[in-house]
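Student: My structure file coords15.txt, compact mmCIF, C-alpha atoms, is below:
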```
# COMPACT_ATOMS: atom_id res chain seq x y z
CA MET A 1 0.00 0.00 0.00
CA VAL A 2 0.91 3.66 0.01
CA HIS A 3 4.00 4.60 2.01
CA SER A 4 3.28 5.37 5.61
CA THR A 5 3.65 9.12 5.69
CA GLY A 6 0.95 10.27 7.97
CA LEU A 7 -1.58 10.47 5.17
CA ASN A 8 -4.30 8.49 6.77
CA LYS A 9 -7.91 8.20 5.87
CA PRO A 10 -9.38 11.64 6.55
CA SER A 11 -11.31 11.79 9.73
CA ARG A 12 -14.47 13.80 10.16
CA GLN A 13 -12.84 15.71 13.05
CA SER A 14 -10.19 17.16 10.75
CA LYS A 15 -12.77 18.86 8.59
CA ASN A 16 -12.48 22.59 8.48
CA LYS A 17 -15.95 24.02 8.20
CA LYS A 18 -14.62 27.37 6.97
CA GLY A 19 -13.21 25.72 3.81
CA GLN A 20 -9.67 26.71 4.65
CA ILE A 21 -6.77 25.14 2.81
CA THR A 22 -5.38 22.19 4.71
CA HIS A 23 -3.00 20.76 2.13
CA PHE A 24 -1.73 21.15 -1.38
CA VAL A 25 -1.57 18.23 -3.74
CA SER A 26 0.69 18.38 -6.73
CA VAL A 27 0.64 15.98 -9.66
CA LEU A 28 3.69 16.06 -11.90
CA LYS A 29 3.91 14.35 -15.24
CA ASP A 30 7.40 14.04 -16.72
CA ILE A 31 7.12 15.43 -20.25
CA THR A 32 10.84 15.80 -21.01
CA ASP A 33 10.70 13.32 -23.89
CA LEU A 34 7.68 15.07 -25.37
CA ILE A 35 9.34 18.49 -25.17
CA GLU A 36 12.56 17.13 -26.66
CA ARG A 37 10.60 15.54 -29.51
CA GLU A 38 8.75 18.81 -30.15
CA ARG A 39 12.06 20.70 -30.12
CA LEU A 40 13.57 18.30 -32.65
CA GLU A 41 10.48 18.52 -34.84
CA GLY A 42 10.71 22.32 -34.67
CA GLU A 43 14.34 22.18 -35.76
CA LEU A 44 13.46 19.79 -38.58
CA HIS A 45 10.73 22.14 -39.77
CA ALA A 46 13.17 25.05 -39.65
CA ALA A 47 15.70 23.02 -41.64
CA ALA A 48 13.03 22.03 -44.17
CA ASP A 49 12.03 25.67 -44.49
CA ILE A 50 15.64 26.69 -45.16
CA GLN A 51 15.91 23.98 -47.80
CA LEU A 52 12.74 25.18 -49.51
CA ARG A 53 14.09 28.73 -49.58
CA ILE A 54 17.22 27.53 -51.41
CA LEU A 55 15.03 26.24 -54.25
CA PRO A 56 14.42 28.77 -57.02
CA GLY A 57 11.26 30.76 -56.35
CA ILE A 58 10.78 31.94 -59.92
CA LEU A 59 12.08 29.90 -62.83
CA PRO A 60 13.82 31.73 -65.67
CA LYS A 61 12.08 32.24 -69.00
CA LEU A 62 13.40 31.54 -72.47
CA PRO A 63 11.41 32.30 -75.61
CA GLY A 64 9.68 29.20 -76.89
CA ILE A 65 10.58 27.08 -73.89
CA ASP A 66 8.39 26.30 -70.91
CA ILE A 67 10.28 25.51 -67.74
CA CYS A 68 8.62 23.99 -64.72
CA ALA A 69 9.86 22.04 -61.72
CA ARG A 70 8.48 19.96 -58.89
CA LEU A 71 10.17 18.50 -55.82
CA ASN A 72 8.40 15.89 -53.75
CA PRO A 73 10.82 14.68 -51.05
CA THR A 74 9.94 11.59 -49.03
CA ARG A 75 10.85 13.37 -45.79
CA SER A 76 10.64 17.01 -44.73
CA VAL A 77 14.42 17.34 -44.63
CA SER A 78 16.44 15.67 -47.34
CA GLY A 79 19.28 16.15 -49.75
CA ASP A 80 17.07 16.48 -52.82
CA PHE A 81 17.51 19.69 -54.74
CA TYR A 82 17.07 21.34 -58.10
CA ASP A 83 17.98 24.67 -59.57
CA VAL A 84 17.30 26.37 -62.87
CA PHE A 85 19.12 29.62 -63.57
CA LYS A 86 19.83 31.93 -66.46
CA ILE A 87 23.27 31.92 -68.07
CA GLY A 88 23.69 34.91 -70.31
CA LYS A 89 20.89 35.80 -72.71
CA ASN A 90 20.05 32.48 -74.35
CA LYS A 91 21.05 29.76 -71.93
CA VAL A 92 19.74 28.24 -68.73
CA GLY A 93 21.59 25.96 -66.37
CA VAL A 94 19.70 22.98 -64.95
CA LEU A 95 20.96 21.29 -61.82
CA ILE A 96 19.42 18.25 -60.14
CA ARG A 97 21.06 16.76 -57.10
CA ASP A 98 20.20 13.89 -54.76
CA VAL A 99 22.21 13.16 -51.64
CA SER A 100 22.17 9.59 -50.31
CA ASP A 101 20.24 9.11 -47.08
CA LYS A 102 17.64 11.50 -45.68
CA GLY A 103 17.25 13.80 -42.71
CA ILE A 104 19.66 16.23 -41.09
CA PRO A 105 22.95 14.46 -42.07
CA ALA A 106 21.86 14.42 -45.72
CA ALA A 107 20.80 18.07 -45.52
CA LEU A 108 24.16 19.12 -44.06
CA PHE A 109 26.08 17.21 -46.72
CA ALA A 110 23.77 18.70 -49.37
CA ALA A 111 24.47 22.22 -48.10
CA ARG A 112 28.21 21.61 -48.46
CA VAL A 113 27.78 20.20 -51.96
CA HIS A 114 25.58 23.17 -52.85
CA ALA A 115 28.29 25.62 -51.76
CA LEU A 116 30.92 23.76 -53.82
CA ILE A 117 28.73 23.68 -56.93
CA THR A 118 27.93 27.40 -56.60
CA ALA A 119 31.64 28.18 -56.28
CA GLU A 120 32.65 26.12 -59.33
CA MET A 121 29.72 26.87 -61.61
CA ASP A 122 30.99 30.17 -63.00
CA SER A 123 34.58 29.15 -63.61
CA ALA A 124 33.95 25.77 -65.30
CA SER A 125 33.60 25.94 -69.07
CA THR A 126 31.45 22.80 -69.45
CA PRO A 127 29.07 20.82 -67.20
CA GLY A 128 31.54 17.95 -67.21
CA GLU A 129 34.37 20.15 -66.00
CA MET A 130 32.21 21.55 -63.23
CA LEU A 131 31.30 18.06 -62.02
CA GLN A 132 34.92 16.95 -62.07
CA ARG A 133 36.08 19.96 -60.07
CA VAL A 134 33.42 19.54 -57.39
CA ASN A 135 34.20 15.83 -57.18
CA VAL A 136 37.82 16.64 -56.36
CA HIS A 137 36.69 18.87 -53.47
CA ILE A 138 34.27 16.31 -52.11
CA ASN A 139 36.82 13.49 -52.18
CA GLN A 140 39.34 15.73 -50.46
CA TYR A 141 37.25 16.22 -47.33
CA LYS A 142 35.00 13.21 -47.37
CA ARG A 143 34.88 11.37 -44.06
CA SER A 144 31.59 9.54 -44.32
CA THR A 145 29.86 7.03 -46.52
CA GLN A 146 27.54 9.66 -47.96
CA PHE A 147 27.47 10.29 -51.66
CA VAL A 148 25.57 12.52 -54.03
CA THR A 149 24.31 12.06 -57.55
CA VAL A 150 24.14 15.10 -59.78
CA LEU A 151 22.90 16.05 -63.18
CA TYR A 152 24.02 19.39 -64.50
CA GLY A 153 23.18 20.62 -67.97
CA ILE A 154 23.04 23.79 -70.02
CA LEU A 155 20.17 24.40 -72.37
CA ASP A 156 21.11 26.66 -75.25
CA ASN A 157 18.05 28.25 -76.77
CA LYS A 158 19.98 29.44 -79.79
CA THR A 159 21.14 26.00 -80.90
CA ARG A 160 18.29 24.18 -79.08
CA GLU A 161 20.86 21.85 -77.57
CA PHE A 162 21.01 20.51 -74.05
CA THR A 163 24.58 19.75 -73.01
CA TYR A 164 24.79 17.89 -69.77
CA ALA A 165 26.97 15.78 -67.56
CA ARG A 166 25.85 13.52 -64.77
CA ALA A 167 27.47 11.92 -61.79
CA GLY A 168 25.55 8.76 -61.02
CA HIS A 169 22.22 10.51 -61.46
CA GLU A 170 19.31 9.12 -63.42
CA PRO A 171 19.56 10.06 -67.09
CA PRO A 172 17.25 12.85 -68.22
CA LEU A 173 14.12 11.86 -70.07
CA LEU A 174 13.33 13.28 -73.47
CA LEU A 175 9.66 13.76 -74.17
CA THR A 176 9.16 13.43 -77.91
CA GLN A 177 6.36 14.95 -79.93
CA ASP A 178 4.53 11.61 -80.06
CA GLY A 179 4.33 11.62 -76.26
CA ALA A 180 6.99 8.96 -75.60
CA PHE A 181 9.62 9.34 -72.86
CA ASN A 182 13.10 8.28 -73.86
CA ALA A 183 16.03 8.11 -71.49
CA CYS A 184 19.09 9.89 -72.87
CA LEU A 185 21.75 7.30 -72.09
CA MET A 186 25.35 7.98 -72.88
CA GLY A 187 28.74 8.24 -71.16
CA ARG A 188 29.97 6.43 -68.09
CA GLU A 189 28.44 6.28 -64.63
CA CYS A 190 30.12 7.57 -61.51
CA PHE A 191 28.62 9.28 -58.48
CA TRP A 192 30.40 11.76 -56.24
CA GLY A 193 31.80 10.89 -52.90
CA MET B 1 -19.81 -9.59 -11.18
CA GLU B 2 -20.32 -5.93 -11.97
CA ILE B 3 -18.60 -3.49 -9.59
CA ARG B 4 -20.56 -0.31 -9.21
CA PRO B 5 -18.45 2.58 -7.88
CA ASP B 6 -21.46 4.17 -6.24
CA ILE B 7 -21.97 1.21 -3.96
CA LEU B 8 -18.34 0.61 -2.95
CA GLU B 9 -17.75 0.58 0.75
CA PRO B 10 -15.79 3.71 1.79
CA ALA B 11 -12.97 1.52 3.09
CA VAL B 12 -12.72 -0.28 -0.23
CA MET B 13 -12.82 3.04 -2.07
CA TYR B 14 -9.97 4.45 0.07
CA GLU B 15 -7.95 1.32 -0.54
CA LEU B 16 -8.53 1.62 -4.28
CA LEU B 17 -7.53 5.29 -4.27
CA ALA B 18 -4.42 4.48 -2.25
CA MET B 19 -3.44 1.82 -4.78
CA ALA B 20 -3.98 4.26 -7.62
CA VAL B 21 -1.73 6.83 -5.94
CA GLU B 22 0.88 4.19 -5.23
CA GLN B 23 0.93 2.68 -8.70
CA THR B 24 0.56 5.68 -11.00
CA ALA B 25 3.69 6.57 -12.98
CA ASP B 26 3.08 10.27 -12.31
CA SER B 27 4.57 11.95 -9.27
CA ILE B 28 2.22 12.95 -6.49
CA VAL B 29 3.33 15.29 -3.72
CA VAL B 30 1.23 16.45 -0.79
CA THR B 31 2.30 19.37 1.36
CA ASP B 32 0.88 21.02 4.41
CA PRO B 33 -0.43 24.61 4.09
CA ILE B 34 3.03 26.11 4.59
CA GLY B 35 4.54 23.92 1.89
CA THR B 36 6.27 21.20 3.87
CA ILE B 37 6.17 17.89 2.03
CA ILE B 38 4.27 15.29 4.01
CA PHE B 39 3.82 12.66 1.32
CA VAL B 40 5.30 11.55 -1.98
CA ASN B 41 4.29 8.50 -3.98
CA PRO B 42 6.63 5.91 -5.52
CA GLY B 43 6.22 7.63 -8.91
CA PHE B 44 7.92 10.67 -7.38
CA GLU B 45 10.78 8.54 -6.10
CA VAL B 46 11.33 6.95 -9.51
CA THR B 47 11.18 10.25 -11.41
CA THR B 48 13.20 12.47 -9.09
CA GLY B 49 15.55 9.97 -7.47
CA TYR B 50 14.62 11.23 -3.98
CA THR B 51 13.35 8.65 -1.57
CA SER B 52 10.21 9.30 0.39
CA LYS B 53 12.33 9.72 3.54
CA GLU B 54 14.53 12.32 1.88
CA ALA B 55 11.63 14.33 0.49
CA ILE B 56 9.36 14.39 3.53
CA GLY B 57 10.04 17.39 5.72
CA GLN B 58 11.53 19.33 2.81
CA THR B 59 9.67 21.86 0.67
CA PRO B 60 9.09 21.64 -3.10
CA LYS B 61 12.20 23.85 -3.44
CA LEU B 62 13.92 20.47 -3.37
CA LEU B 63 13.20 20.25 -7.10
CA LYS B 64 14.02 23.85 -7.96
CA SER B 65 16.11 24.03 -11.11
CA GLY B 66 16.86 27.75 -11.16
CA HIS B 67 15.23 28.03 -14.57
CA HIS B 68 12.21 29.98 -13.38
CA SER B 69 12.28 33.41 -11.77
CA GLU B 70 11.44 34.17 -8.15
CA GLU B 71 8.46 36.08 -9.53
CA PHE B 72 7.21 32.88 -11.17
CA TYR B 73 7.21 30.97 -7.86
CA LYS B 74 5.75 33.96 -6.02
CA ASP B 75 2.84 34.07 -8.47
CA LEU B 76 2.41 30.30 -8.22
CA TRP B 77 2.21 30.34 -4.43
CA GLY B 78 0.00 33.42 -4.46
CA ARG B 79 -2.38 31.67 -6.78
CA ILE B 80 -2.69 28.42 -4.84
CA ARG B 81 -2.81 30.09 -1.44
CA SER B 82 -5.76 32.11 -2.68
CA GLY B 83 -7.54 28.82 -3.32
CA GLN B 84 -7.03 28.58 -7.07
CA HIS B 85 -5.26 25.71 -8.76
CA PHE B 86 -2.06 26.05 -10.77
CA ARG B 87 -1.40 24.30 -14.04
CA GLY B 88 1.85 24.78 -15.90
CA THR B 89 5.08 23.37 -17.22
CA ILE B 90 8.02 23.56 -14.85
CA LEU B 91 11.65 22.63 -15.29
CA ASN B 92 12.65 20.63 -12.23
CA LYS B 93 15.91 19.17 -11.01
CA LYS B 94 16.37 15.56 -10.01
CA ARG B 95 18.51 14.31 -7.15
CA ASN B 96 21.35 13.53 -9.57
CA GLY B 97 21.29 17.10 -10.86
CA SER B 98 19.70 16.34 -14.22
CA LEU B 99 16.81 18.50 -15.32
CA TYR B 100 13.38 17.38 -16.45
CA TRP B 101 10.24 19.11 -17.64
CA SER B 102 7.07 18.38 -15.80
CA GLU B 103 3.52 19.26 -16.59
CA GLN B 104 2.29 20.10 -13.16
CA THR B 105 -0.96 20.80 -11.43
CA ILE B 106 -1.11 22.04 -7.86
CA THR B 107 -4.47 21.97 -6.19
CA PRO B 108 -5.37 23.34 -2.77
CA ILE B 109 -7.28 20.85 -0.68
CA LYS B 110 -10.03 22.45 1.35
CA GLU B 111 -12.04 20.62 3.91
```
Let me see the file written as structure tokens.
Tutor:
Amino acid sequence: MVHSTGLNKPSRQSKNKKGQITHFVSVLKDITDLIERERLEGELHAAADIQLRILPGILPKLPGIDICARLNPTRSVSGDFYDVFKIGKNKVGVLIRDVSDKGIPAALFAARVHALITAEMDSASTPGEMLQRVNVHINQYKRSTQFVTVLYGILDNKTREFTYARAGHEPPLLLTQDGAFNACLMGRECFWG
Amino acid sequence: MEIRPDILEPAVMYELLAMAVEQTADSIVVTDPIGTIIFVNPGFEVTTGYTSKEAIGQTPKLLKSGHHSEEFYKDLWGRIRSGQHFRGTILNKKRNGSLYWSEQTITPIKE
């Protein structure tokens, strides 16, 4: 039974007719785990929000070309990413990137890869050169088993050519006028990291 | 056989209540009107690390973490001493020094 602490069955004599306070009873529920879980969820939402802000808000326009994009990650925070940006007057760069794994570790690795790509994008003369340069950086500092697949291409509206390189990423699909999707397969396969 | 609460013998009811207090995982603390702890349940011992013997005779300051202001505790005591109940989330400190959040209700018992 309950510990012997002097809390006996209340007797009628102890009743205070004036309704004065005789005791205080406190019930405490440990909610540390709940609060910690809510804190982590809050941080995850903040991280997901930051990731969404990195995505292009408005896609560039080229005459005669419709550009649209959609990202549907399996978890709120992930390493999935795309970017479409104008290069000069007639070209757009298209970048699709997918970091292995999901969650915060993938997002952190993705942020690092994003910084490297941004740094190398302007100086590289071709998509292939850009991928090679970033790969050198990643291999230099890599300490985990994480890897990233990338597709980077440049669409030239003047020549109507799409020049791309990919590092382990799925090949782009070409939608032909008859409505068929064809994978553009060429080159060798190698992911970063 | 159906057990109807309204026809339980008072002694059986007290025994049932005592078992509930003893076996709940939540902490239950009873103090006298000036705040001296006169009872804690086993749930309190498990959560805080203080034994019943250690807690009895102390005040709830035993669990004070330093996270909340003096004003906070003053308001809390003012509220319950005026006969109202308090409900809130408090950061407490266990016997081993670790902190834990508790959702807490303090109710004045009037007879």
Student: Rounded to one decimal place, report the CA of Pro105 (chain A)-CA of Tyr152 (chain A) distance in Å.
Tutor: 23.0 Å
Student: Residues near region 59-62 of chain A, anyone? I mean within 8 Å using only C-alpha atoms, not counting same-chain ones fewer than 6 positions away, as a count of residues only.
Tutor: 8
Student: For the atom pair CA of Phe86 (chain B) and CA of Leu40 (chain A), what is the interatomic distance in Å to one decimal place?
Tutor: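 Here the two named atoms are 28.0 Å from each other.
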Student: Between CA of Gly42 (chain A) and CA of Ser100 (chain A), what is the spacing in Å?
Tutor: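 It comes out at 23.2 Å.
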Student: Which protein, DNA or RNA residues are at most 12 Å from (16.5, 7.4, -6.0) in the file's coordinates when you count only C-alpha atoms, listed as number ranges by chain?
Tutor: B: 42-55, 94-97
Student: Generate N, CA, C and O atoms for region 39-57 of chain A and emit them as a tab-separated table (two decimals), keeping the file's coordinate frame.
Tutor:
```
chain	number	residue	atom	x	y	z
A	39	ARG	N	10.93	19.83	-29.77
A	39	ARG	CA	12.06	20.70	-30.12
A	39	ARG	C	12.72	20.20	-31.40
A	39	ARG	O	13.02	20.98	-32.31
A	40	LEU	N	12.93	18.87	-31.46
A	40	LEU	CA	13.57	18.30	-32.65
A	40	LEU	C	12.70	18.49	-33.89
A	40	LEU	O	13.21	18.82	-34.96
A	41	GLU	N	11.40	18.32	-33.71
A	41	GLU	CA	10.48	18.52	-34.84
A	41	GLU	C	10.53	19.97	-35.31
A	41	GLU	O	10.50	20.24	-36.51
A	42	GLY	N	10.61	20.89	-34.34
A	42	GLY	CA	10.71	22.32	-34.67
A	42	GLY	C	11.97	22.60	-35.47
A	42	GLY	O	11.95	23.35	-36.45
A	43	GLU	N	13.08	21.98	-35.05
A	43	GLU	CA	14.34	22.18	-35.76
A	43	GLU	C	14.27	21.58	-37.16
A	43	GLU	O	14.79	22.15	-38.12
A	44	LEU	N	13.61	20.42	-37.26
A	44	LEU	CA	13.46	19.79	-38.58
A	44	LEU	C	12.63	20.67	-39.52
A	44	LEU	O	12.95	20.82	-40.69
A	45	HIS	N	11.57	21.25	-38.96
A	45	HIS	CA	10.73	22.14	-39.77
A	45	HIS	C	11.53	23.36	-40.22
A	45	HIS	O	11.40	23.81	-41.37
A	46	ALA	N	12.35	23.89	-39.30
A	46	ALA	CA	13.17	25.05	-39.65
A	46	ALA	C	14.15	24.68	-40.75
A	46	ALA	O	14.35	25.44	-41.71
A	47	ALA	N	14.75	23.48	-40.63
A	47	ALA	CA	15.70	23.02	-41.64
A	47	ALA	C	15.00	22.82	-42.99
A	47	ALA	O	15.53	23.19	-44.04
A	48	ALA	N	13.79	22.25	-42.94
A	48	ALA	CA	13.03	22.03	-44.17
A	48	ALA	C	12.68	23.36	-44.82
A	48	ALA	O	12.73	23.51	-46.05
A	49	ASP	N	12.36	24.35	-43.99
A	49	ASP	CA	12.03	25.67	-44.49
A	49	ASP	C	13.24	26.31	-45.18
A	49	ASP	O	13.12	26.90	-46.26
A	50	ILE	N	14.41	26.16	-44.56
A	50	ILE	CA	15.64	26.69	-45.16
A	50	ILE	C	15.89	26.03	-46.51
A	50	ILE	O	16.24	26.68	-47.49
A	51	GLN	N	15.69	24.71	-46.55
A	51	GLN	CA	15.91	23.98	-47.80
A	51	GLN	C	14.96	24.47	-48.90
A	51	GLN	O	15.36	24.62	-50.05
A	52	LEU	N	13.72	24.71	-48.52
A	52	LEU	CA	12.74	25.18	-49.51
A	52	LEU	C	13.13	26.56	-50.06
A	52	LEU	O	12.92	26.86	-51.22
A	53	ARG	N	13.70	27.38	-49.16
A	53	ARG	CA	14.09	28.73	-49.58
A	53	ARG	C	15.27	28.70	-50.55
A	53	ARG	O	15.46	29.64	-51.31
A	54	ILE	N	16.09	27.63	-50.49
A	54	ILE	CA	17.22	27.53	-51.41
A	54	ILE	C	16.72	27.23	-52.83
A	54	ILE	O	17.34	27.61	-53.81
A	55	LEU	N	15.58	26.56	-52.92
A	55	LEU	CA	15.03	26.24	-54.25
A	55	LEU	C	14.65	27.53	-54.97
A	55	LEU	O	14.26	28.50	-54.33
A	56	PRO	N	14.75	27.54	-56.29
A	56	PRO	CA	14.42	28.77	-57.02
A	56	PRO	C	12.93	29.10	-56.87
A	56	PRO	O	12.08	28.24	-57.06
A	57	GLY	N	12.66	30.35	-56.51
A	57	GLY	CA	11.26	30.76	-56.35
A	57	GLY	C	10.59	30.98	-57.70
A	57	GLY	O	9.48	30.53	-57.94
```
